[in-house]
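What follows is the content of final_20.cif, which has mmCIF, C-alpha atoms, pLDDT in the B column; chains and numbers go by the auth columns:
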data_protein
loop_
_atom_site.group_PDB
_atom_site.id
_atom_site.type_symbol
_atom_site.label_atom_id
_atom_site.label_comp_id
_atom_site.label_asym_id
_atom_site.label_seq_id
_atom_site.Cartn_x
_atom_site.Cartn_y
_atom_site.Cartn_z
_atom_site.B_iso_or_equiv
_atom_site.auth_seq_id
_atom_site.auth_asym_id
ATOM 1 C CA MET A 1 143.971 141.091 96.458 68.00 1 L
ATOM 2 C CA ASP A 2 147.317 140.461 94.743 77.00 2 L
ATOM 3 C CA SER A 3 148.576 143.917 95.682 85.00 3 L
ATOM 4 C CA LEU A 4 147.555 143.371 99.302 91.00 4 L
ATOM 5 C CA VAL A 5 149.454 140.061 99.428 93.00 5 L
ATOM 6 C CA GLU A 6 152.506 141.644 97.802 94.00 6 L
ATOM 7 C CA SER A 7 152.452 144.572 100.243 94.00 7 L
ATOM 8 C CA GLY A 8 152.236 142.227 103.207 95.00 8 L
ATOM 9 C CA TRP A 9 155.018 140.072 101.839 97.00 9 L
ATOM 10 C CA GLN A 10 157.204 143.116 101.213 96.00 10 L
ATOM 11 C CA TYR A 11 156.870 144.045 104.870 96.00 11 L
ATOM 12 C CA LEU A 12 157.832 140.538 105.995 97.00 12 L
ATOM 13 C CA VAL A 13 160.922 140.164 103.806 96.00 13 L
ATOM 14 C CA THR A 14 162.058 143.677 104.760 96.00 14 L
ATOM 15 C CA HIS A 15 161.815 143.147 108.509 96.00 15 L
ATOM 16 C CA PHE A 16 162.711 139.466 108.914 97.00 16 L
ATOM 17 C CA SER A 17 165.410 137.124 107.636 95.00 17 L
ATOM 18 C CA ASP A 18 164.774 134.022 105.537 94.00 18 L
ATOM 19 C CA PHE A 19 165.565 131.840 108.526 95.00 19 L
ATOM 20 C CA GLN A 20 163.138 133.702 110.789 96.00 20 L
ATOM 21 C CA LEU A 21 160.348 133.509 108.230 97.00 21 L
ATOM 22 C CA ALA A 22 160.938 129.876 107.285 95.00 22 L
ATOM 23 C CA CYS A 23 161.325 128.569 110.846 96.00 23 L
ATOM 24 C CA ILE A 24 159.690 130.908 113.345 96.00 24 L
ATOM 25 C CA GLY A 25 157.102 132.131 110.844 97.00 25 L
ATOM 26 C CA SER A 26 156.139 128.607 109.819 96.00 26 L
ATOM 27 C CA PHE A 27 155.906 127.570 113.473 97.00 27 L
ATOM 28 C CA ILE A 28 153.650 130.508 114.352 97.00 28 L
ATOM 29 C CA ILE A 29 151.396 129.793 111.369 98.00 29 L
ATOM 30 C CA HIS A 30 151.192 126.114 112.275 97.00 30 L
ATOM 31 C CA GLU A 31 150.350 126.781 115.929 98.00 31 L
ATOM 32 C CA SER A 32 147.816 129.501 115.120 98.00 32 L
ATOM 33 C CA VAL A 33 145.911 127.477 112.527 98.00 33 L
ATOM 34 C CA PHE A 34 146.114 124.270 114.567 98.00 34 L
ATOM 35 C CA PHE A 35 144.735 125.641 117.821 98.00 35 L
ATOM 36 C CA LEU A 36 142.229 128.040 116.253 98.00 36 L
ATOM 37 C CA SER A 37 140.744 125.204 114.190 98.00 37 L
ATOM 38 C CA GLY A 38 140.993 122.549 116.913 98.00 38 L
ATOM 39 C CA LEU A 39 139.884 124.285 120.116 97.00 39 L
ATOM 40 C CA PRO A 40 136.242 124.819 118.973 97.00 40 L
ATOM 41 C CA PHE A 41 135.707 121.049 119.012 97.00 41 L
ATOM 42 C CA ILE A 42 136.629 120.923 122.703 97.00 42 L
ATOM 43 C CA TYR A 43 133.959 123.568 123.282 97.00 43 L
ATOM 44 C CA LEU A 44 131.411 121.553 121.304 97.00 44 L
ATOM 45 C CA GLU A 45 132.151 118.420 123.337 95.00 45 L
ATOM 46 C CA ARG A 46 131.896 120.196 126.671 95.00 46 L
ATOM 47 C CA THR A 47 128.682 122.059 125.873 96.00 47 L
ATOM 48 C CA GLY A 48 126.940 119.357 123.820 96.00 48 L
ATOM 49 C CA LEU A 49 126.223 121.803 121.026 96.00 49 L
ATOM 50 C CA LEU A 50 125.638 120.168 117.620 97.00 50 L
ATOM 51 C CA SER A 51 125.733 116.769 119.324 96.00 51 L
ATOM 52 C CA ASN A 52 123.396 115.372 116.672 97.00 52 L
ATOM 53 C CA TYR A 53 126.347 115.577 114.268 97.00 53 L
ATOM 54 C CA LYS A 54 128.760 113.812 116.618 97.00 54 L
ATOM 55 C CA ILE A 55 129.934 110.479 115.216 97.00 55 L
ATOM 56 C CA GLN A 56 130.408 108.752 118.588 95.00 56 L
ATOM 57 C CA ALA A 57 128.173 109.286 121.607 93.00 57 L
ATOM 58 C CA LYS A 58 131.137 109.047 123.983 93.00 58 L
ATOM 59 C CA ILE A 59 132.785 112.324 124.988 94.00 59 L
ATOM 60 C CA ASN A 60 136.236 113.041 126.402 96.00 60 L
ATOM 61 C CA THR A 61 136.595 114.294 129.957 96.00 61 L
ATOM 62 C CA PRO A 62 138.051 117.763 130.620 96.00 62 L
ATOM 63 C CA GLU A 63 141.041 115.991 132.192 97.00 63 L
ATOM 64 C CA ALA A 64 141.683 114.009 129.000 97.00 64 L
ATOM 65 C CA GLN A 65 141.345 117.148 126.907 97.00 65 L
ATOM 66 C CA GLY A 66 143.730 119.032 129.207 97.00 66 L
ATOM 67 C CA LYS A 67 146.277 116.226 129.011 97.00 67 L
ATOM 68 C CA CYS A 68 146.152 116.386 125.224 98.00 68 L
ATOM 69 C CA ILE A 69 146.742 120.152 125.143 98.00 69 L
ATOM 70 C CA THR A 70 149.617 119.990 127.652 97.00 70 L
ATOM 71 C CA ARG A 71 151.388 117.215 125.758 97.00 71 L
ATOM 72 C CA LEU A 72 150.854 118.991 122.435 97.00 72 L
ATOM 73 C CA LEU A 73 152.476 122.189 123.657 97.00 73 L
ATOM 74 C CA LEU A 74 155.441 120.170 124.920 96.00 74 L
ATOM 75 C CA TYR A 75 155.805 118.187 121.684 95.00 75 L
ATOM 76 C CA HIS A 76 155.390 121.218 119.443 96.00 76 L
ATOM 77 C CA ILE A 77 158.038 123.241 121.264 96.00 77 L
ATOM 78 C CA CYS A 78 160.486 120.388 121.848 94.00 78 L
ATOM 79 C CA VAL A 79 159.992 118.404 118.613 92.00 79 L
ATOM 80 C CA ASN A 80 158.202 120.403 115.886 93.00 80 L
ATOM 81 C CA LEU A 81 160.127 123.646 116.272 95.00 81 L
ATOM 82 C CA PRO A 82 163.593 122.015 116.325 93.00 82 L
ATOM 83 C CA LEU A 83 162.552 119.906 113.323 90.00 83 L
ATOM 84 C CA MET A 84 161.581 123.022 111.377 92.00 84 L
ATOM 85 C CA MET A 85 164.886 124.654 112.246 93.00 85 L
ATOM 86 C CA ALA A 86 166.876 121.550 111.310 91.00 86 L
ATOM 87 C CA SER A 87 165.011 121.290 107.989 90.00 87 L
ATOM 88 C CA TYR A 88 165.874 124.836 106.926 93.00 88 L
ATOM 89 C CA PRO A 89 169.235 124.027 105.255 92.00 89 L
ATOM 90 C CA VAL A 90 167.593 121.185 103.310 89.00 90 L
ATOM 91 C CA PHE A 91 164.803 123.402 102.013 90.00 91 L
ATOM 92 C CA LYS A 92 167.286 126.130 101.045 91.00 92 L
ATOM 93 C CA PHE A 93 169.426 123.565 99.238 91.00 93 L
ATOM 94 C CA MET A 94 166.337 122.309 97.370 90.00 94 L
ATOM 95 C CA GLY A 95 165.527 125.822 96.182 93.00 95 L
ATOM 96 C CA MET A 96 163.063 127.333 98.643 94.00 96 L
ATOM 97 C CA LYS A 97 162.964 131.123 98.405 94.00 97 L
ATOM 98 C CA SER A 98 161.084 134.038 99.906 95.00 98 L
ATOM 99 C CA SER A 99 162.049 136.800 97.491 93.00 99 L
ATOM 100 C CA PHE A 100 159.972 138.460 94.781 94.00 100 L
ATOM 101 C CA PRO A 101 158.344 137.727 92.417 94.00 101 L
ATOM 102 C CA LEU A 102 155.658 135.764 94.205 95.00 102 L
ATOM 103 C CA PRO A 103 154.551 132.569 92.425 96.00 103 L
ATOM 104 C CA SER A 104 151.394 132.645 90.316 95.00 104 L
ATOM 105 C CA TRP A 105 148.257 130.951 91.636 95.00 105 L
ATOM 106 C CA LYS A 106 148.626 128.343 88.880 96.00 106 L
ATOM 107 C CA VAL A 107 152.074 127.374 90.159 97.00 107 L
ATOM 108 C CA VAL A 108 150.915 127.395 93.780 97.00 108 L
ATOM 109 C CA SER A 109 147.867 125.247 92.975 97.00 109 L
ATOM 110 C CA ALA A 110 149.873 122.730 90.948 98.00 110 L
ATOM 111 C CA GLN A 111 152.515 122.357 93.654 98.00 111 L
ATOM 112 C CA ILE A 112 149.981 121.925 96.453 98.00 112 L
ATOM 113 C CA LEU A 113 148.090 119.324 94.415 97.00 113 L
ATOM 114 C CA PHE A 114 151.376 117.457 94.023 98.00 114 L
ATOM 115 C CA TYR A 115 152.002 117.729 97.779 98.00 115 L
ATOM 116 C CA PHE A 116 148.619 116.180 98.556 97.00 116 L
ATOM 117 C CA ILE A 117 149.291 113.301 96.154 97.00 117 L
ATOM 118 C CA ILE A 118 152.781 112.526 97.451 97.00 118 L
ATOM 119 C CA GLU A 119 151.711 113.007 101.069 97.00 119 L
ATOM 120 C CA ASP A 120 148.813 110.576 100.651 97.00 120 L
ATOM 121 C CA PHE A 121 151.137 107.925 99.236 97.00 121 L
ATOM 122 C CA VAL A 122 153.905 108.282 101.823 96.00 122 L
ATOM 123 C CA PHE A 123 151.510 108.693 104.762 97.00 123 L
ATOM 124 C CA TYR A 124 149.490 105.603 103.827 97.00 124 L
ATOM 125 C CA TRP A 125 152.496 103.290 103.897 96.00 125 L
ATOM 126 C CA GLY A 126 154.040 104.936 106.961 96.00 126 L
ATOM 127 C CA HIS A 127 150.748 104.742 108.835 95.00 127 L
ATOM 128 C CA ARG A 128 150.203 101.138 107.806 94.00 128 L
ATOM 129 C CA ILE A 129 153.694 100.235 109.028 95.00 129 L
ATOM 130 C CA LEU A 130 152.902 101.895 112.368 94.00 130 L
ATOM 131 C CA HIS A 131 150.043 99.424 112.753 93.00 131 L
ATOM 132 C CA THR A 132 152.389 96.451 112.806 92.00 132 L
ATOM 133 C CA LYS A 133 152.474 94.855 116.247 91.00 133 L
ATOM 134 C CA TRP A 134 155.745 96.210 117.682 94.00 134 L
ATOM 135 C CA LEU A 135 155.461 99.738 116.311 94.00 135 L
ATOM 136 C CA TYR A 136 151.838 100.032 117.357 94.00 136 L
ATOM 137 C CA LYS A 137 152.575 98.907 120.910 93.00 137 L
ATOM 138 C CA ASN A 138 155.674 101.071 121.374 95.00 138 L
ATOM 139 C CA VAL A 139 154.912 104.120 119.217 95.00 139 L
ATOM 140 C CA HIS A 140 151.533 104.485 117.517 95.00 140 L
ATOM 141 C CA SER A 141 149.420 103.450 120.507 94.00 141 L
ATOM 142 C CA VAL A 142 150.016 106.938 121.944 95.00 142 L
ATOM 143 C CA HIS A 143 147.968 108.467 119.138 96.00 143 L
ATOM 144 C CA HIS A 144 145.256 105.858 119.689 94.00 144 L
ATOM 145 C CA GLU A 145 144.859 106.691 123.374 95.00 145 L
ATOM 146 C CA TYR A 146 141.875 108.715 122.178 95.00 146 L
ATOM 147 C CA ALA A 147 139.416 106.209 120.698 93.00 147 L
ATOM 148 C CA THR A 148 137.000 109.132 120.463 95.00 148 L
ATOM 149 C CA PRO A 149 139.120 111.732 118.679 96.00 149 L
ATOM 150 C CA PHE A 150 138.632 115.488 118.748 97.00 150 L
ATOM 151 C CA GLY A 151 140.380 118.048 116.573 97.00 151 L
ATOM 152 C CA LEU A 152 143.525 118.525 118.635 98.00 152 L
ATOM 153 C CA THR A 153 144.212 114.777 118.890 98.00 153 L
ATOM 154 C CA SER A 154 145.256 114.912 115.239 97.00 154 L
ATOM 155 C CA GLU A 155 148.806 115.776 116.343 97.00 155 L
ATOM 156 C CA TYR A 156 148.816 113.948 119.658 97.00 156 L
ATOM 157 C CA ALA A 157 151.456 111.286 119.024 97.00 157 L
ATOM 158 C CA HIS A 158 154.733 109.759 120.162 96.00 158 L
ATOM 159 C CA PRO A 159 157.709 111.999 119.253 94.00 159 L
ATOM 160 C CA ALA A 160 159.059 109.221 117.024 94.00 160 L
ATOM 161 C CA GLU A 161 155.777 109.201 115.096 95.00 161 L
ATOM 162 C CA ILE A 162 155.903 112.983 114.722 93.00 162 L
ATOM 163 C CA LEU A 163 159.260 112.591 113.010 89.00 163 L
ATOM 164 C CA PHE A 164 158.232 109.487 111.047 90.00 164 L
ATOM 165 C CA LEU A 165 154.946 110.749 109.596 89.00 165 L
ATOM 166 C CA GLY A 166 156.134 114.366 109.493 89.00 166 L
ATOM 167 C CA PHE A 167 158.325 113.244 106.612 92.00 167 L
ATOM 168 C CA ALA A 168 155.168 112.687 104.543 95.00 168 L
ATOM 169 C CA THR A 169 154.241 116.350 104.962 95.00 169 L
ATOM 170 C CA ILE A 170 157.619 117.824 104.067 94.00 170 L
ATOM 171 C CA VAL A 171 158.793 115.470 101.308 95.00 171 L
ATOM 172 C CA GLY A 172 156.711 117.205 98.601 95.00 172 L
ATOM 173 C CA PRO A 173 157.971 120.722 99.372 95.00 173 L
ATOM 174 C CA ALA A 174 161.515 119.392 99.794 92.00 174 L
ATOM 175 C CA LEU A 175 161.375 117.927 96.282 93.00 175 L
ATOM 176 C CA THR A 176 160.058 121.072 94.581 94.00 176 L
ATOM 177 C CA GLY A 177 161.784 123.867 96.471 93.00 177 L
ATOM 178 C CA PRO A 178 158.684 126.080 96.641 96.00 178 L
ATOM 179 C CA HIS A 179 158.308 129.718 97.447 97.00 179 L
ATOM 180 C CA LEU A 180 157.824 130.176 101.183 97.00 180 L
ATOM 181 C CA ILE A 181 154.308 131.514 100.656 97.00 181 L
ATOM 182 C CA THR A 182 153.402 128.203 98.981 97.00 182 L
ATOM 183 C CA LEU A 183 154.861 126.297 101.915 97.00 183 L
ATOM 184 C CA TRP A 184 152.797 128.372 104.355 97.00 184 L
ATOM 185 C CA LEU A 185 149.617 127.736 102.401 98.00 185 L
ATOM 186 C CA TRP A 186 150.402 124.002 102.342 98.00 186 L
ATOM 187 C CA ILE A 187 150.942 123.987 106.110 97.00 187 L
ATOM 188 C CA MET A 188 147.590 125.704 106.650 98.00 188 L
ATOM 189 C CA LEU A 189 145.657 123.352 104.379 98.00 189 L
ATOM 190 C CA ARG A 190 147.306 120.234 105.798 97.00 190 L
ATOM 191 C CA VAL A 191 146.625 121.297 109.384 98.00 191 L
ATOM 192 C CA ILE A 192 142.982 122.159 108.672 98.00 192 L
ATOM 193 C CA GLU A 193 142.505 118.827 106.887 97.00 193 L
ATOM 194 C CA THR A 194 143.950 116.696 109.676 97.00 194 L
ATOM 195 C CA VAL A 195 142.040 118.586 112.379 98.00 195 L
ATOM 196 C CA GLU A 196 138.812 118.059 110.432 98.00 196 L
ATOM 197 C CA ALA A 197 139.572 114.351 110.021 98.00 197 L
ATOM 198 C CA HIS A 198 139.925 113.989 113.797 98.00 198 L
ATOM 199 C CA CYS A 199 137.154 116.375 114.842 98.00 199 L
ATOM 200 C CA GLY A 200 134.621 113.646 115.709 97.00 200 L
ATOM 201 C CA TYR A 201 131.755 115.385 113.889 98.00 201 L
ATOM 202 C CA HIS A 202 130.226 114.773 110.483 97.00 202 L
ATOM 203 C CA PHE A 203 128.447 117.947 109.430 97.00 203 L
ATOM 204 C CA PRO A 204 126.328 118.548 106.313 96.00 204 L
ATOM 205 C CA TRP A 205 129.066 120.947 105.209 96.00 205 L
ATOM 206 C CA SER A 206 131.913 118.474 105.812 97.00 206 L
ATOM 207 C CA PRO A 207 134.271 118.338 102.790 96.00 207 L
ATOM 208 C CA SER A 208 133.703 114.589 102.427 96.00 208 L
ATOM 209 C CA ASN A 209 130.140 115.354 101.329 96.00 209 L
ATOM 210 C CA PHE A 210 131.396 117.348 98.342 95.00 210 L
ATOM 211 C CA LEU A 211 134.945 116.328 97.426 95.00 211 L
ATOM 212 C CA PRO A 212 135.335 112.963 95.620 92.00 212 L
ATOM 213 C CA LEU A 213 137.647 110.499 97.397 95.00 213 L
ATOM 214 C CA TYR A 214 138.039 112.830 100.408 97.00 214 L
ATOM 215 C CA GLY A 215 138.177 110.847 103.657 96.00 215 L
ATOM 216 C CA GLY A 216 137.198 113.236 106.419 97.00 216 L
ATOM 217 C CA ALA A 217 136.005 112.679 109.969 97.00 217 L
ATOM 218 C CA ASP A 218 133.627 109.775 109.376 95.00 218 L
ATOM 219 C CA PHE A 219 136.299 107.795 107.505 96.00 219 L
ATOM 220 C CA HIS A 220 139.045 108.403 110.060 96.00 220 L
ATOM 221 C CA ASP A 221 136.815 108.056 113.120 95.00 221 L
ATOM 222 C CA TYR A 222 136.234 104.435 112.104 94.00 222 L
ATOM 223 C CA HIS A 223 140.009 103.921 112.212 95.00 223 L
ATOM 224 C CA HIS A 224 140.168 105.096 115.839 93.00 224 L
ATOM 225 C CA ARG A 225 137.232 102.996 117.041 88.00 225 L
ATOM 226 C CA LEU A 226 138.655 99.580 116.131 82.00 226 L
ATOM 227 C CA LEU A 227 141.527 97.462 117.414 71.00 227 L
ATOM 228 C CA TYR A 228 144.762 98.082 115.575 70.00 228 L
ATOM 229 C CA THR A 229 144.760 94.670 113.897 65.00 229 L
ATOM 230 C CA LYS A 230 141.412 95.324 112.240 71.00 230 L
ATOM 231 C CA SER A 231 141.285 99.069 111.768 83.00 231 L
ATOM 232 C CA GLY A 232 142.131 99.765 108.121 93.00 232 L
ATOM 233 C CA ASN A 233 141.433 103.276 106.768 96.00 233 L
ATOM 234 C CA TYR A 234 145.109 104.254 106.841 96.00 234 L
ATOM 235 C CA SER A 235 144.857 107.082 104.308 96.00 235 L
ATOM 236 C CA SER A 236 145.649 110.694 105.062 96.00 236 L
ATOM 237 C CA THR A 237 143.490 113.074 102.998 97.00 237 L
ATOM 238 C CA PHE A 238 142.098 111.115 100.060 97.00 238 L
ATOM 239 C CA VAL A 239 141.037 107.485 100.299 96.00 239 L
ATOM 240 C CA TYR A 240 142.202 105.978 97.012 96.00 240 L
ATOM 241 C CA MET A 241 145.135 104.150 98.601 96.00 241 L
ATOM 242 C CA ASP A 242 142.823 102.265 100.964 97.00 242 L
ATOM 243 C CA TRP A 243 140.518 101.497 98.041 96.00 243 L
ATOM 244 C CA ILE A 244 143.362 100.224 95.838 96.00 244 L
ATOM 245 C CA PHE A 245 144.798 97.944 98.530 96.00 245 L
ATOM 246 C CA GLY A 246 141.484 96.891 100.053 95.00 246 L
ATOM 247 C CA THR A 247 142.146 98.237 103.538 95.00 247 L
ATOM 248 C CA ASP A 248 138.793 100.016 103.750 95.00 248 L
ATOM 249 C CA LYS A 249 136.549 96.978 103.249 93.00 249 L
ATOM 250 C CA GLY A 250 135.314 96.908 106.840 91.00 250 L
ATOM 251 C CA TYR A 251 134.388 100.574 106.734 93.00 251 L
ATOM 252 C CA ARG A 252 132.610 100.241 103.368 92.00 252 L
ATOM 253 C CA LYS A 253 130.673 97.220 104.604 91.00 253 L
ATOM 254 C CA LEU A 254 129.565 99.042 107.758 87.00 254 L
ATOM 255 C CA LYS A 255 128.553 102.104 105.755 86.00 255 L
ATOM 256 C CA ALA A 256 126.487 99.969 103.345 89.00 256 L
ATOM 257 C CA LEU A 257 124.715 98.317 106.280 87.00 257 L
ATOM 258 C CA LYS A 258 123.838 101.703 107.776 81.00 258 L
ATOM 259 C CA GLU A 259 122.459 102.943 104.458 80.00 259 L
ATOM 260 C CA THR A 260 120.182 99.902 104.147 74.00 260 L
#

Entire entry expressed as structure tokens:
Amino acid sequence: MDSLVESGWQYLVTHFSDFQLACIGSFIIHESVFFLSGLPFIYLERTGLLSNYKIQAKINTPEAQGKCITRLLLYHICVNLPLMMASYPVFKFMGMKSSFPLPSWKVVSAQILFYFIIEDFVFYWGHRILHTKWLYKNVHSVHHEYATPFGLTSEYAHPAEILFLGFATIVGPALTGPHLITLWLWIMLRVIETVEAHCGYHFPWSPSNFLPLYGGADFHDYHHRLLYTKSGNYSSTFVYMDWIFGTDKGYRKLKALKET
């Protein structure tokens, strides 16, 4: 496995520049993972397959789904890609590299764990700020247009929010100057996590059933169903921030009532 990864990486660094790999490569990976993981949930909604696992009975119309996809393509090309390109000098300054040797799995695992921790902290406070009256009305309400979320709505947001909360995703890598392969793995995991949190389905195999403190779709779906002044559940991946600051009390109370 290691030799296969090294061979593939050798091909990439031989045929493409650092800038191409860090910007265009990261963009392609993001788009591929995002749409491949998110589009199946549109299919599930339209066909009604696995509907017994759907958290809300309401479904989105094809028109609403199409609007989401169209806006996402526009935002990704006009906001995400330029942001990745603009961030390149910062990441290079902070030590990001693409050369050999590749980092060990221990280093990769430790860095990604750190990214999840720092992202959870920054995202929680940024998200909570976005739920103040003015910012919700003028910025964050775009994301909440879909009270019944599906996978692709995870990145459906006002361009200002993309920049604001995007900082939570990149601050960890910016601080550590990782190898590019670590950054790519982080992008993939973060995208898969946020798509799952917005998918609208709670399956027996959902990560929240196995990973302690993992939020997942059921936790975040509650956030989308309520009015902004009462929503809570502001966390990104893990829920400890909501637990510490008591912003998940409504969700916990509702869950306890369902269990009884």

inquiry  = Need to verify the contact set: region 34-40 of chain L, 8 Å, all atoms listed in the file, exclusion of same-chain residues closer than 2 positions in sequence. Can you return it as a VMD selection string?
reply    = chain L and resid 30 to 32 42 to 44 150 to 152 191 to 192 195 199

inquiry  = Take the PyMOL selection byres ((chain L and resi 111) around 9), run it mentally on this structure, and tell me the resulting residues as number ranges by chain.
reply    = L: 106-110, 112-116, 172-173, 176, 178, 182

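In this structure, CA of Tyr156 (chain L) sits 6.6 Å away from CA of Cys68 (chain L).
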
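Those residues that approach Tyr234 (chain L) to within 9 Å, counting all atoms listed in the file, are Phe123, Tyr124, Trp125, Gly126, His127, Arg128, His220, His223, Val239, Met241, Asp242, Thr247 and Asp248 of chain L; same-chain residues fewer than 4 positions away are not listed.
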
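Counting all atoms listed in the file and comparing L:Cys23, L:Val90, L:Ala64, L:Cys78, the residue that lies closest to Ala147 (chain L) is L:Ala64.
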
message = Need to verify the contact set: Val79 (chain L), 8 Å, only C-alpha atoms, exclusion of same-chain residues closer than 4 positions in sequence. Can you return it as a VMD selection string?
response = chain L and resid 74 to 75 83 159 162

task = Run the PyMOL selection byres ((chain L and resi 230) around 12) against the file shown and list the residues it catches, as a ChimeraX atom specification.
result = /L:128,131-133,222-229,231-234,247-251

For this file, the PyMOL selection byres ((chain L and resi 208-218) around 8) selects which residues, as a PDB file with C-alpha atoms, keeping the file's coordinate frame?
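Generated file (expr-v9.pdb):
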ATOM      1  CA  ILE L  55     129.934 110.479 115.216  1.00 97.00           C
ATOM      2  CA  GLU L 193     142.505 118.827 106.887  1.00 97.00           C
ATOM      3  CA  GLU L 196     138.812 118.059 110.432  1.00 98.00           C
ATOM      4  CA  ALA L 197     139.572 114.351 110.021  1.00 98.00           C
ATOM      5  CA  HIS L 198     139.925 113.989 113.797  1.00 98.00           C
ATOM      6  CA  CYS L 199     137.154 116.375 114.842  1.00 98.00           C
ATOM      7  CA  GLY L 200     134.621 113.646 115.709  1.00 97.00           C
ATOM      8  CA  TYR L 201     131.755 115.385 113.889  1.00 98.00           C
ATOM      9  CA  HIS L 202     130.226 114.773 110.483  1.00 97.00           C
ATOM     10  CA  PRO L 204     126.328 118.548 106.313  1.00 96.00           C
ATOM     11  CA  TRP L 205     129.066 120.947 105.209  1.00 96.00           C
ATOM     12  CA  SER L 206     131.913 118.474 105.812  1.00 97.00           C
ATOM     13  CA  PRO L 207     134.271 118.338 102.790  1.00 96.00           C
ATOM     14  CA  PHE L 219     136.299 107.795 107.505  1.00 96.00           C
ATOM     15  CA  HIS L 220     139.045 108.403 110.060  1.00 96.00           C
ATOM     16  CA  ASP L 221     136.815 108.056 113.120  1.00 95.00           C
ATOM     17  CA  TYR L 222     136.234 104.435 112.104  1.00 94.00           C
ATOM     18  CA  SER L 235     144.857 107.082 104.308  1.00 96.00           C
ATOM     19  CA  SER L 236     145.649 110.694 105.062  1.00 96.00           C
ATOM     20  CA  THR L 237     143.490 113.074 102.998  1.00 97.00           C
ATOM     21  CA  PHE L 238     142.098 111.115 100.060  1.00 97.00           C
ATOM     22  CA  VAL L 239     141.037 107.485 100.299  1.00 96.00           C
ATOM     23  CA  TYR L 240     142.202 105.978  97.012  1.00 96.00           C
TER      24      TYR L 240
END

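Every protein, DNA or RNA residue with an atom at most 8 Å from Pro62 (chain L), where only C-alpha atoms count and chain neighbours fewer than 3 positions away do not, is listed here: Arg46, Gln65 and Gly66 of chain L.
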
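Interatomic distance, CA of Leu183 (chain L) against CA of Pro103 (chain L): 11.4 Å.
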
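Taking CA of Lys258 (chain L) as the reference point, CA of Thr47 (chain L) is found at 27.7 Å.
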
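With all atoms listed in the file as the basis for measurement, L:Ala57 is the residue among L:Ile77, L:Ala57, L:Ala86, L:Ile118 that approaches Thr148 (chain L) most closely.
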
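The neighbours of Ser17 (chain L) here are the residues that come within 12 Å of it, using all atoms listed in the file and leaving out any residue fewer than 6 positions away in the same chain; they are Tyr11, Cys23, Ile24, Gly25, Lys97, Ser98 and Ser99 of chain L.
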
Would you write out those residues with C-alpha atoms, as a PDB file, in the frame of the given file?
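Below is the file result-v4.pdb, written as the result:
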ATOM      1  CA  TYR L  11     156.870 144.045 104.870  1.00 96.00           C
ATOM      2  CA  CYS L  23     161.325 128.569 110.846  1.00 96.00           C
ATOM      3  CA  ILE L  24     159.690 130.908 113.345  1.00 96.00           C
ATOM      4  CA  GLY L  25     157.102 132.131 110.844  1.00 97.00           C
ATOM      5  CA  LYS L  97     162.964 131.123  98.405  1.00 94.00           C
ATOM      6  CA  SER L  98     161.084 134.038  99.906  1.00 95.00           C
ATOM      7  CA  SER L  99     162.049 136.800  97.491  1.00 93.00           C
TER       8      SER L  99
END
